[in-house]
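Trainee: Please find one structure pasted underneath; my questions will follow.
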Amino acid sequence: MTSLDKPTPDTDRTDQQEADAKAVTEAALFEAFGGIRGMVETVLPGLLFVTIFTINKDLHTSAIAALVVSLVLVAVRLIRKDTVKHAFSGVFGVAFGVVFAMMTGNAKDFYLPGMIYTLGLALAYIVTTIAGVPLIGLILGPVFKENLSWRTRNPGRKKAYAKASWAWGLILLAKCAILFPLYWWADTAQLGWVLVALKIPPFLLAVYLTWVFLAKAPPPIDVFAEMEAEEQAEKARKEQAAAARNTEA
């Protein structure tokens, strides 16, 4: 291999930095959104509800089964001492759906709270981005240990968060544009199966686009490390001042 064929040290370093940025972004997204297990916990209750309802058309049995499996998922996480935020969010969503459907007596209403939540979340992504504080940045900032430093100190990263928030908002709006007409026109089983089918693909698309935008963005500013460094520097200054006073004495 000639010298011209060999990559330069700068190229190696750039490639390594890009690989590191992608790996860090992937790990942060996995933590924030629960990964494969979180997706299973999101899909399983609704899948169980629509499966049972399709078979026996019994609202009470379907709703109770969905709620029970959600509670089991939380219990498993508690036993394994894992984070329960994703499982708990699933329990609350299923519980609202069960209560709403039981109150109205309409099995389709099991899905309505989740659909309204999706619409609200879509609008939140869009409105916060227009306001200059993209929601995805508020969600991922603490995960990346940058908090809100991206707002004023890292414009390239803020731009990436804005793009990602637009992606989430528009994807969720497109999902709502499919589901809400079906709520009025389709029966419970049809709505349920479409909703189950639309649980994962839009989510994966939004996560993938977020990964693409952030992997190309400037690295996050670790404000926690900065705070620790400041504390260490302050401690060193105090120790030096104390040593100087002892020397003078």
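Ordering of the structure tokens sets the chain letters (A, B, ...), residue numbers begin anew at 1 in every chain, and ligands are numbered from 1 in the order given.
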Show which residues sit within 10 Å of stretch 153-165 of chain A, as a ChimeraX atom specification. Count only C-alpha atoms, and ignore same-chain residues fewer than 3 positions away.
Mentor: /A:122,124-130,132-138,140-141,146,148-150,168-171,206-221
Trainee: Would you pick out the contacts of A:Thr61 at 12 Å or less, using only C-alpha atoms, so that residues sharing its chain but fewer than 3 positions from it are not included, and give the list as JSON, numbers by chain?
Mentor: {"A": [48, 49, 50, 51, 52, 53, 54, 55, 56, 57, 58, 64, 65, 66, 67, 68, 98, 102, 107]}
Trainee: Tell me, as a list of chain:residue names, which residues lie within 12 Å of A:Ala197, counting only C-alpha atoms; anything in the same chain fewer than 5 positions away does not count.
Mentor: A:Val43, A:Leu44, A:Gly46, A:Leu47, A:Val50, A:Lys175, A:Ile178, A:Leu179, A:Gln190, A:Leu191, A:Gly192, A:Pro202, A:Phe203
Trainee: Pick out the residues sitting within 10 Å of stretch 182-185 of chain A, and hand them over as a list in words; count only C-alpha atoms, and ignore anything fewer than 2 positions along from it in its own chain.
Mentor: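 Near stretch 182-185 of chain A, the qualifying residues are Lys108, Asp109, Tyr111, Leu112, Met115, Cys176, Ala177, Ile178, Leu179, Phe180, Asp187, Thr188, Gln190, Leu191, Gly192, Val194 and Leu195 of chain A.
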Trainee: Would you write out those residues with C-alpha atoms, as a CSV table (one decimal), in the first residue's frame?
Mentor:
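Below you can see again.csv, which holds the result:
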chain,number,residue,atom,x,y,z
A,108,LYS,CA,-63.7,1.2,20.5
A,109,ASP,CA,-63.3,3.7,23.4
A,111,TYR,CA,-58.3,3.0,22.2
A,112,LEU,CA,-59.6,6.6,22.3
A,115,MET,CA,-55.3,8.2,20.3
A,176,CYS,CA,-53.6,10.2,13.8
A,177,ALA,CA,-54.9,11.0,10.3
A,178,ILE,CA,-55.3,7.3,9.7
A,179,LEU,CA,-56.7,6.3,13.1
A,180,PHE,CA,-59.3,9.0,13.8
A,187,ASP,CA,-65.5,-1.6,13.9
A,188,THR,CA,-63.6,-2.3,17.0
A,190,GLN,CA,-60.6,-3.4,12.5
A,191,LEU,CA,-59.5,-0.3,14.4
A,192,GLY,CA,-57.6,-2.5,16.9
A,194,VAL,CA,-54.7,-1.3,12.4
A,195,LEU,CA,-53.7,0.4,15.7
Trainee: Taking only C-alpha atoms into account, which of A:Lys235, A:Arg37, A:His60, A:Lys199 comes nearest A:Asn106?
Mentor: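 Closest residue, counting only C-alpha atoms: A:His60.
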Trainee: For A:Ala189, which of A:Thr104, A:Thr152, A:Ser62, A:Thr25 is the closest residue, counting only C-alpha atoms?
Mentor: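 Of all the options, A:Ser62 lies closest to A:Ala189.
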Trainee: Rank nothing, just name the residue among A:Val91, A:Ile200, A:Leu121, A:Leu173 nearest to A:Val40, using only C-alpha atoms.
Mentor: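 Between A:Val91, A:Ile200, A:Leu121, A:Leu173, the residue approaching A:Val40 most closely is A:Ile200.
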Trainee: Mind the document's chain letters and residue numbers, and return as a ChimeraX atom specification the residues of stretch 8-190 of chain A that DSSP labels alpha helix (DSSP H).
Mentor: /A:9-33,35-56,59-79,85-104,112-130,135-140,149-152,155-185,188-190
Trainee: One number please: atom CA of A:Ala174 to atom CA of A:Leu123, in Å, one decimal.
Mentor: 11.7 Å
